[in-house]
file query_16.cif (mmCIF, N, CA and C atoms)
data_start
#
loop_
_atom_site.label_atom_id
_atom_site.label_comp_id
_atom_site.auth_asym_id
_atom_site.auth_seq_id
_atom_site.Cartn_x
_atom_site.Cartn_y
_atom_site.Cartn_z
N MET D 5 43.21 40.39 222.36
CA MET D 5 43.32 39.46 223.46
C MET D 5 43.41 40.25 224.76
N GLU D 6 42.69 39.79 225.75
CA GLU D 6 42.68 40.45 227.06
C GLU D 6 43.71 39.81 227.98
N PHE D 7 44.28 40.62 228.86
CA PHE D 7 45.24 40.15 229.85
C PHE D 7 44.85 40.70 231.21
N GLU D 8 45.15 39.92 232.24
CA GLU D 8 44.92 40.37 233.61
C GLU D 8 45.97 39.75 234.51
N TRP D 9 46.10 40.29 235.70
CA TRP D 9 47.06 39.80 236.69
C TRP D 9 46.76 40.45 238.02
N SER D 10 47.39 39.92 239.04
CA SER D 10 47.35 40.55 240.36
C SER D 10 48.34 41.70 240.34
N GLU D 11 47.87 42.89 240.64
CA GLU D 11 48.76 44.05 240.65
C GLU D 11 49.84 43.92 241.72
N ALA D 12 49.49 43.35 242.87
CA ALA D 12 50.48 43.15 243.93
C ALA D 12 51.59 42.20 243.45
N LYS D 13 51.21 41.12 242.76
CA LYS D 13 52.20 40.16 242.24
C LYS D 13 53.04 40.83 241.16
N ARG D 14 52.43 41.63 240.32
CA ARG D 14 53.18 42.35 239.28
C ARG D 14 54.26 43.22 239.91
N GLN D 15 53.91 43.94 240.94
CA GLN D 15 54.88 44.82 241.61
C GLN D 15 56.00 44.02 242.27
N THR D 16 55.65 42.90 242.88
CA THR D 16 56.64 42.04 243.53
C THR D 16 57.64 41.49 242.51
N VAL D 17 57.12 40.97 241.40
CA VAL D 17 57.99 40.41 240.36
C VAL D 17 58.86 41.50 239.74
N PHE D 18 58.30 42.67 239.52
CA PHE D 18 59.08 43.76 238.95
C PHE D 18 60.22 44.17 239.89
N ALA D 19 59.91 44.28 241.18
CA ALA D 19 60.94 44.67 242.15
C ALA D 19 62.04 43.61 242.26
N ALA D 20 61.67 42.35 242.23
CA ALA D 20 62.63 41.27 242.42
C ALA D 20 63.40 40.91 241.15
N ARG D 21 62.73 40.99 239.98
CA ARG D 21 63.33 40.47 238.74
C ARG D 21 63.47 41.50 237.63
N GLY D 22 62.88 42.66 237.82
CA GLY D 22 62.95 43.68 236.79
C GLY D 22 62.12 43.36 235.56
N LEU D 23 61.15 42.46 235.70
CA LEU D 23 60.28 42.06 234.60
C LEU D 23 58.87 42.52 234.91
N ASP D 24 58.20 43.08 233.90
CA ASP D 24 56.87 43.65 234.09
C ASP D 24 55.83 42.82 233.34
N PHE D 25 54.78 42.43 234.04
CA PHE D 25 53.71 41.65 233.43
C PHE D 25 53.12 42.36 232.20
N ILE D 26 53.13 43.67 232.20
CA ILE D 26 52.62 44.41 231.05
C ILE D 26 53.38 44.00 229.79
N ASP D 27 54.68 43.80 229.91
CA ASP D 27 55.50 43.40 228.76
C ASP D 27 55.21 41.98 228.30
N ALA D 28 54.71 41.13 229.19
CA ALA D 28 54.41 39.74 228.83
C ALA D 28 53.37 39.66 227.72
N GLN D 29 52.53 40.66 227.61
CA GLN D 29 51.50 40.67 226.58
C GLN D 29 52.11 40.58 225.18
N ALA D 30 53.29 41.15 224.99
CA ALA D 30 53.95 41.16 223.69
C ALA D 30 54.31 39.75 223.22
N LEU D 31 54.48 38.82 224.16
CA LEU D 31 54.82 37.45 223.77
C LEU D 31 53.73 36.81 222.92
N PHE D 32 52.51 37.25 223.09
CA PHE D 32 51.38 36.61 222.43
C PHE D 32 50.97 37.33 221.15
N ASP D 33 51.97 37.94 220.50
CA ASP D 33 51.70 38.70 219.27
C ASP D 33 51.96 37.89 218.00
N GLY D 34 52.19 36.59 218.15
CA GLY D 34 52.44 35.74 216.99
C GLY D 34 53.89 35.33 216.83
N ARG D 35 54.76 35.81 217.71
CA ARG D 35 56.18 35.43 217.63
C ARG D 35 56.36 33.97 218.02
N PRO D 36 57.49 33.36 217.69
CA PRO D 36 57.73 31.95 218.04
C PRO D 36 57.76 31.76 219.57
N LEU D 37 57.06 30.73 220.02
CA LEU D 37 56.97 30.42 221.44
C LEU D 37 57.04 28.91 221.65
N VAL D 38 57.42 28.53 222.85
CA VAL D 38 57.29 27.15 223.30
C VAL D 38 56.33 27.20 224.47
N THR D 39 55.24 26.43 224.38
CA THR D 39 54.23 26.41 225.44
C THR D 39 53.97 24.97 225.85
N ALA D 40 53.92 24.75 227.15
CA ALA D 40 53.68 23.41 227.69
C ALA D 40 52.77 23.53 228.92
N PRO D 41 52.00 22.48 229.20
CA PRO D 41 51.17 22.50 230.41
C PRO D 41 52.05 22.61 231.66
N SER D 42 51.53 23.32 232.65
CA SER D 42 52.21 23.47 233.94
C SER D 42 51.16 23.33 235.03
N PRO D 43 50.63 22.11 235.21
CA PRO D 43 49.50 21.93 236.12
C PRO D 43 49.85 22.27 237.56
N ARG D 44 48.89 22.84 238.23
CA ARG D 44 49.03 23.17 239.64
C ARG D 44 47.72 22.82 240.32
N GLY D 45 47.66 21.65 240.93
CA GLY D 45 46.42 21.22 241.59
C GLY D 45 45.28 21.12 240.59
N GLU D 46 44.21 21.78 240.89
CA GLU D 46 43.02 21.75 240.04
C GLU D 46 43.10 22.75 238.88
N GLU D 47 44.04 23.69 238.93
CA GLU D 47 44.13 24.71 237.88
C GLU D 47 44.92 24.21 236.68
N GLU D 48 44.45 24.57 235.50
CA GLU D 48 45.18 24.28 234.28
C GLU D 48 46.03 25.50 233.96
N ARG D 49 47.33 25.37 234.19
CA ARG D 49 48.26 26.46 233.93
C ARG D 49 49.16 26.10 232.76
N TRP D 50 49.76 27.13 232.17
CA TRP D 50 50.65 26.97 231.03
C TRP D 50 51.95 27.71 231.28
N LEU D 51 53.04 27.15 230.76
CA LEU D 51 54.35 27.80 230.79
C LEU D 51 54.70 28.14 229.35
N THR D 52 54.90 29.39 229.08
CA THR D 52 55.27 29.84 227.74
C THR D 52 56.65 30.46 227.80
N ILE D 53 57.50 30.03 226.87
CA ILE D 53 58.87 30.54 226.77
C ILE D 53 59.01 31.26 225.45
N GLY D 54 59.57 32.46 225.51
CA GLY D 54 59.78 33.25 224.31
C GLY D 54 60.81 34.33 224.56
N GLU D 55 61.18 35.00 223.49
CA GLU D 55 62.18 36.06 223.59
C GLU D 55 61.50 37.41 223.65
N LEU D 56 61.95 38.20 224.58
CA LEU D 56 61.40 39.54 224.79
C LEU D 56 62.55 40.50 225.02
N ASN D 57 62.71 41.44 224.13
CA ASN D 57 63.79 42.43 224.23
C ASN D 57 65.16 41.76 224.35
N GLY D 58 65.36 40.68 223.59
CA GLY D 58 66.66 40.00 223.56
C GLY D 58 66.90 39.05 224.71
N VAL D 59 65.92 38.85 225.58
CA VAL D 59 66.05 37.96 226.73
C VAL D 59 65.00 36.85 226.61
N VAL D 60 65.42 35.60 226.83
CA VAL D 60 64.46 34.50 226.82
C VAL D 60 63.81 34.44 228.19
N ILE D 61 62.49 34.58 228.20
CA ILE D 61 61.75 34.61 229.45
C ILE D 61 60.72 33.49 229.49
N ALA D 62 60.23 33.22 230.68
CA ALA D 62 59.18 32.23 230.89
C ALA D 62 58.02 32.92 231.61
N VAL D 63 56.83 32.67 231.11
CA VAL D 63 55.62 33.23 231.71
C VAL D 63 54.69 32.07 232.07
N VAL D 64 54.26 32.03 233.31
CA VAL D 64 53.25 31.07 233.73
C VAL D 64 51.92 31.81 233.71
N TRP D 65 50.94 31.18 233.05
CA TRP D 65 49.64 31.83 232.89
C TRP D 65 48.52 30.82 232.84
N MET D 66 47.29 31.32 232.87
CA MET D 66 46.12 30.46 232.78
C MET D 66 45.01 31.22 232.07
N TRP D 67 44.07 30.48 231.52
CA TRP D 67 42.89 31.11 230.95
C TRP D 67 41.95 31.48 232.09
N ARG D 68 41.44 32.68 232.06
CA ARG D 68 40.42 33.13 233.00
C ARG D 68 39.31 33.71 232.14
N GLY D 69 38.35 32.86 231.81
CA GLY D 69 37.33 33.26 230.83
C GLY D 69 38.01 33.41 229.47
N ARG D 70 37.92 34.60 228.88
CA ARG D 70 38.55 34.86 227.58
C ARG D 70 39.88 35.60 227.75
N ALA D 71 40.29 35.83 228.98
CA ALA D 71 41.53 36.57 229.25
C ALA D 71 42.66 35.63 229.64
N ILE D 72 43.87 36.04 229.32
CA ILE D 72 45.06 35.36 229.82
C ILE D 72 45.43 36.02 231.14
N ARG D 73 45.45 35.22 232.20
CA ARG D 73 45.85 35.74 233.51
C ARG D 73 47.29 35.35 233.75
N VAL D 74 48.16 36.34 233.84
CA VAL D 74 49.58 36.11 234.09
C VAL D 74 49.75 35.80 235.57
N ILE D 75 50.40 34.66 235.85
CA ILE D 75 50.64 34.23 237.23
C ILE D 75 52.01 34.72 237.68
N THR D 76 53.03 34.49 236.85
CA THR D 76 54.38 34.95 237.16
C THR D 76 55.20 35.03 235.88
N MET D 77 56.35 35.64 236.01
CA MET D 77 57.24 35.87 234.87
C MET D 77 58.67 35.87 235.40
N ARG D 78 59.56 35.20 234.66
CA ARG D 78 60.96 35.13 235.10
C ARG D 78 61.84 34.90 233.88
N ARG D 79 63.14 35.04 234.07
CA ARG D 79 64.08 34.64 233.01
C ARG D 79 63.99 33.14 232.87
N ALA D 80 64.09 32.65 231.64
CA ALA D 80 64.02 31.22 231.40
C ALA D 80 65.21 30.52 232.06
N ARG D 81 64.96 29.34 232.57
CA ARG D 81 66.03 28.51 233.12
C ARG D 81 66.90 28.02 231.97
N ASP D 82 68.11 27.56 232.29
CA ASP D 82 69.05 27.15 231.25
C ASP D 82 68.45 26.12 230.29
N GLY D 83 67.81 25.10 230.82
CA GLY D 83 67.22 24.06 229.97
C GLY D 83 66.10 24.61 229.09
N GLU D 84 65.30 25.49 229.65
CA GLU D 84 64.22 26.11 228.88
C GLU D 84 64.79 26.98 227.75
N LYS D 85 65.83 27.72 228.08
CA LYS D 85 66.47 28.57 227.08
C LYS D 85 67.07 27.73 225.96
N ARG D 86 67.75 26.64 226.32
CA ARG D 86 68.34 25.76 225.30
C ARG D 86 67.26 25.16 224.39
N ARG D 87 66.17 24.74 225.00
CA ARG D 87 65.07 24.17 224.22
C ARG D 87 64.51 25.19 223.23
N TYR D 88 64.29 26.40 223.71
CA TYR D 88 63.77 27.46 222.86
C TYR D 88 64.75 27.77 221.72
N GLN D 89 66.02 27.92 222.07
CA GLN D 89 67.03 28.26 221.06
C GLN D 89 67.26 27.13 220.07
N ALA D 90 67.09 25.88 220.49
CA ALA D 90 67.22 24.76 219.56
C ALA D 90 66.13 24.81 218.50
N LEU D 91 64.97 25.31 218.88
CA LEU D 91 63.86 25.40 217.92
C LEU D 91 63.92 26.67 217.07
N TYR D 92 64.31 27.77 217.68
CA TYR D 92 64.18 29.07 216.99
C TYR D 92 65.47 29.86 216.85
N GLY D 93 66.59 29.30 217.35
CA GLY D 93 67.87 29.99 217.18
C GLY D 93 68.17 31.02 218.14
#

call {"tool": "encode", "arguments": {"input": "query_16.cif", "output": "structure tokens"}}
result
Amino acid sequence: MEFEWSEAKRQTVFAARGLDFIDAQALFDGRPLVTAPSPRGEEERWLTIGELNGVVIAVVWMWRGRAIRVITMRRARDGEKRRYQALYG
């Protein structure tokens, strides 16, 4: 699976949140995830919640051809974390 992102956005998110888009790729390795549509205007975006290095995170992404384009990454909000943990512990 291919991944892409804006390098400037990756650096901004890493500086502000300590999360690296490169690590987001690991979420799509077959581990348990919660994914829901996250529409933004004309773009079809997705919000995926999963555990990465012991932390529940949320990644907003979209399909760009055959690649997953990471839009942003953050720690999951409380409700998102509860939903994920209710399904997967």

call {"tool": "closest_residue", "arguments": {"input": "query_16.cif", "among": "D:Ala19, D:Leu56, D:Ala12, D:Ile75", "to": "Pro36 of chain D", "atoms": "only C-alpha atoms"}}
result
D:Leu56

call {"tool": "closest_residue", "arguments": {"input": "query_16.cif", "among": "D:Glu47, D:Ala90, D:Phe32, D:Val60", "to": "Arg78 of chain D", "atoms": "all atoms listed in the file"}}
result
D:Val60

call {"tool": "atom_distance", "arguments": {"input": "query_16.cif", "atom1": "atom N of Gly22 of chain D", "atom2": "atom N of Ala80 of chain D"}}
result
11.8 Å

call {"tool": "atom_distance", "arguments": {"input": "query_16.cif", "atom1": "atom N of Glu46 of chain D", "atom2": "atom N of Arg73 of chain D"}}
result
16.1 Å

call {"tool": "select_by_dssp", "arguments": {"input": "query_16.cif", "residues": "chain D", "states": "strand (DSSP E or B)", "output": "mmCIF file with N, CA and C atoms, in the coordinates of the input"}}
result
data_model
loop_
_atom_site.group_PDB
_atom_site.id
_atom_site.type_symbol
_atom_site.label_atom_id
_atom_site.label_comp_id
_atom_site.auth_asym_id
_atom_site.auth_seq_id
_atom_site.Cartn_x
_atom_site.Cartn_y
_atom_site.Cartn_z
ATOM 1 N N GLU D 6 42.690 39.790 225.750
ATOM 2 C CA GLU D 6 42.680 40.450 227.060
ATOM 3 C C GLU D 6 43.710 39.810 227.980
ATOM 4 N N PHE D 7 44.280 40.620 228.860
ATOM 5 C CA PHE D 7 45.240 40.150 229.850
ATOM 6 C C PHE D 7 44.850 40.700 231.210
ATOM 7 N N GLU D 8 45.150 39.920 232.240
ATOM 8 C CA GLU D 8 44.920 40.370 233.610
ATOM 9 C C GLU D 8 45.970 39.750 234.510
ATOM 10 N N TRP D 9 46.100 40.290 235.700
ATOM 11 C CA TRP D 9 47.060 39.800 236.690
ATOM 12 C C TRP D 9 46.760 40.450 238.020
ATOM 13 N N VAL D 38 57.420 28.530 222.850
ATOM 14 C CA VAL D 38 57.290 27.150 223.300
ATOM 15 C C VAL D 38 56.330 27.200 224.470
ATOM 16 N N THR D 39 55.240 26.430 224.380
ATOM 17 C CA THR D 39 54.230 26.410 225.440
ATOM 18 C C THR D 39 53.970 24.970 225.850
ATOM 19 N N ALA D 40 53.920 24.750 227.150
ATOM 20 C CA ALA D 40 53.680 23.410 227.690
ATOM 21 C C ALA D 40 52.770 23.530 228.920
ATOM 22 N N PRO D 41 52.000 22.480 229.200
ATOM 23 C CA PRO D 41 51.170 22.500 230.410
ATOM 24 C C PRO D 41 52.050 22.610 231.660
ATOM 25 N N ARG D 44 48.890 22.840 238.230
ATOM 26 C CA ARG D 44 49.030 23.170 239.640
ATOM 27 C C ARG D 44 47.720 22.820 240.320
ATOM 28 N N GLU D 47 44.040 23.690 238.930
ATOM 29 C CA GLU D 47 44.130 24.710 237.880
ATOM 30 C C GLU D 47 44.920 24.210 236.680
ATOM 31 N N ARG D 49 47.330 25.370 234.190
ATOM 32 C CA ARG D 49 48.260 26.460 233.930
ATOM 33 C C ARG D 49 49.160 26.100 232.760
ATOM 34 N N TRP D 50 49.760 27.130 232.170
ATOM 35 C CA TRP D 50 50.650 26.970 231.030
ATOM 36 C C TRP D 50 51.950 27.710 231.280
ATOM 37 N N LEU D 51 53.040 27.150 230.760
ATOM 38 C CA LEU D 51 54.350 27.800 230.790
ATOM 39 C C LEU D 51 54.700 28.140 229.350
ATOM 40 N N THR D 52 54.900 29.390 229.080
ATOM 41 C CA THR D 52 55.270 29.840 227.740
ATOM 42 C C THR D 52 56.650 30.460 227.800
ATOM 43 N N ILE D 53 57.500 30.030 226.870
ATOM 44 C CA ILE D 53 58.870 30.540 226.770
ATOM 45 C C ILE D 53 59.010 31.260 225.450
ATOM 46 N N GLY D 54 59.570 32.460 225.510
ATOM 47 C CA GLY D 54 59.780 33.250 224.310
ATOM 48 C C GLY D 54 60.810 34.330 224.560
ATOM 49 N N GLU D 55 61.180 35.000 223.490
ATOM 50 C CA GLU D 55 62.180 36.060 223.590
ATOM 51 C C GLU D 55 61.500 37.410 223.650
ATOM 52 N N LEU D 56 61.950 38.200 224.580
ATOM 53 C CA LEU D 56 61.400 39.540 224.790
ATOM 54 C C LEU D 56 62.550 40.500 225.020
ATOM 55 N N VAL D 59 65.920 38.850 225.580
ATOM 56 C CA VAL D 59 66.050 37.960 226.730
ATOM 57 C C VAL D 59 65.000 36.850 226.610
ATOM 58 N N VAL D 60 65.420 35.600 226.830
ATOM 59 C CA VAL D 60 64.460 34.500 226.820
ATOM 60 C C VAL D 60 63.810 34.440 228.190
ATOM 61 N N ILE D 61 62.490 34.580 228.200
ATOM 62 C CA ILE D 61 61.750 34.610 229.450
ATOM 63 C C ILE D 61 60.720 33.490 229.490
ATOM 64 N N ALA D 62 60.230 33.220 230.680
ATOM 65 C CA ALA D 62 59.180 32.230 230.890
ATOM 66 C C ALA D 62 58.020 32.920 231.610
ATOM 67 N N VAL D 63 56.830 32.670 231.110
ATOM 68 C CA VAL D 63 55.620 33.230 231.710
ATOM 69 C C VAL D 63 54.690 32.070 232.070
ATOM 70 N N VAL D 64 54.260 32.030 233.310
ATOM 71 C CA VAL D 64 53.250 31.070 233.730
ATOM 72 C C VAL D 64 51.920 31.810 233.710
ATOM 73 N N TRP D 65 50.940 31.180 233.050
ATOM 74 C CA TRP D 65 49.640 31.830 232.890
ATOM 75 C C TRP D 65 48.520 30.820 232.840
ATOM 76 N N MET D 66 47.290 31.320 232.870
ATOM 77 C CA MET D 66 46.120 30.460 232.780
ATOM 78 C C MET D 66 45.010 31.220 232.070
ATOM 79 N N TRP D 67 44.070 30.480 231.520
ATOM 80 C CA TRP D 67 42.890 31.110 230.950
ATOM 81 C C TRP D 67 41.950 31.480 232.090
ATOM 82 N N ARG D 68 41.440 32.680 232.060
ATOM 83 C CA ARG D 68 40.420 33.130 233.000
ATOM 84 C C ARG D 68 39.310 33.710 232.140
ATOM 85 N N ALA D 71 40.290 35.830 228.980
ATOM 86 C CA ALA D 71 41.530 36.570 229.250
ATOM 87 C C ALA D 71 42.660 35.630 229.640
ATOM 88 N N ILE D 72 43.870 36.040 229.320
ATOM 89 C CA ILE D 72 45.060 35.360 229.820
ATOM 90 C C ILE D 72 45.430 36.020 231.140
ATOM 91 N N ARG D 73 45.450 35.220 232.200
ATOM 92 C CA ARG D 73 45.850 35.740 233.510
ATOM 93 C C ARG D 73 47.290 35.350 233.750
ATOM 94 N N VAL D 74 48.160 36.340 233.840
ATOM 95 C CA VAL D 74 49.580 36.110 234.090
ATOM 96 C C VAL D 74 49.750 35.800 235.570
ATOM 97 N N ILE D 75 50.400 34.660 235.850
ATOM 98 C CA ILE D 75 50.640 34.230 237.230
ATOM 99 C C ILE D 75 52.010 34.720 237.680
ATOM 100 N N THR D 76 53.030 34.490 236.850
ATOM 101 C CA THR D 76 54.380 34.950 237.160
ATOM 102 C C THR D 76 55.200 35.030 235.880
ATOM 103 N N MET D 77 56.350 35.640 236.010
ATOM 104 C CA MET D 77 57.240 35.870 234.870
ATOM 105 C C MET D 77 58.670 35.870 235.400
ATOM 106 N N ARG D 78 59.560 35.200 234.660
ATOM 107 C CA ARG D 78 60.960 35.130 235.100
ATOM 108 C C ARG D 78 61.840 34.900 233.880
ATOM 109 N N ARG D 79 63.140 35.040 234.070
ATOM 110 C CA ARG D 79 64.080 34.640 233.010
ATOM 111 C C ARG D 79 63.990 33.140 232.870
#

call {"tool": "closest_residue", "arguments": {"input": "query_16.cif", "among": "D:Ile61, D:Glu55, D:Trp50, D:Trp9", "to": "Met77 of chain D", "atoms": "only N, CA and C atoms"}}
result
D:Ile61

call {"tool": "residues_around", "arguments": {"input": "query_16.cif", "residues": "Thr76 of chain D", "least_positions_apart": "4", "cutoff": "7 Å", "atoms": "only N, CA and C atoms", "output": "list in words"}}
result
Ala62, Val63, Val64 and Trp65 of chain D

call {"tool": "axis_aligned_box", "arguments": {"input": "query_16.cif", "around": "segment 51-65 of chain D", "padding_each_side": "4 Å", "output": "AutoDock Vina command-line options"}}
result
--center_x 57.7 --center_y 34.8 --center_z 228.6 --size_x 26.4 --size_y 23.3 --size_z 18.2

call {"tool": "atom_distance", "arguments": {"input": "query_16.cif", "atom1": "atom CA of Leu51 of chain D", "atom2": "atom CA of Val38 of chain D"}}
result
8.1 Å
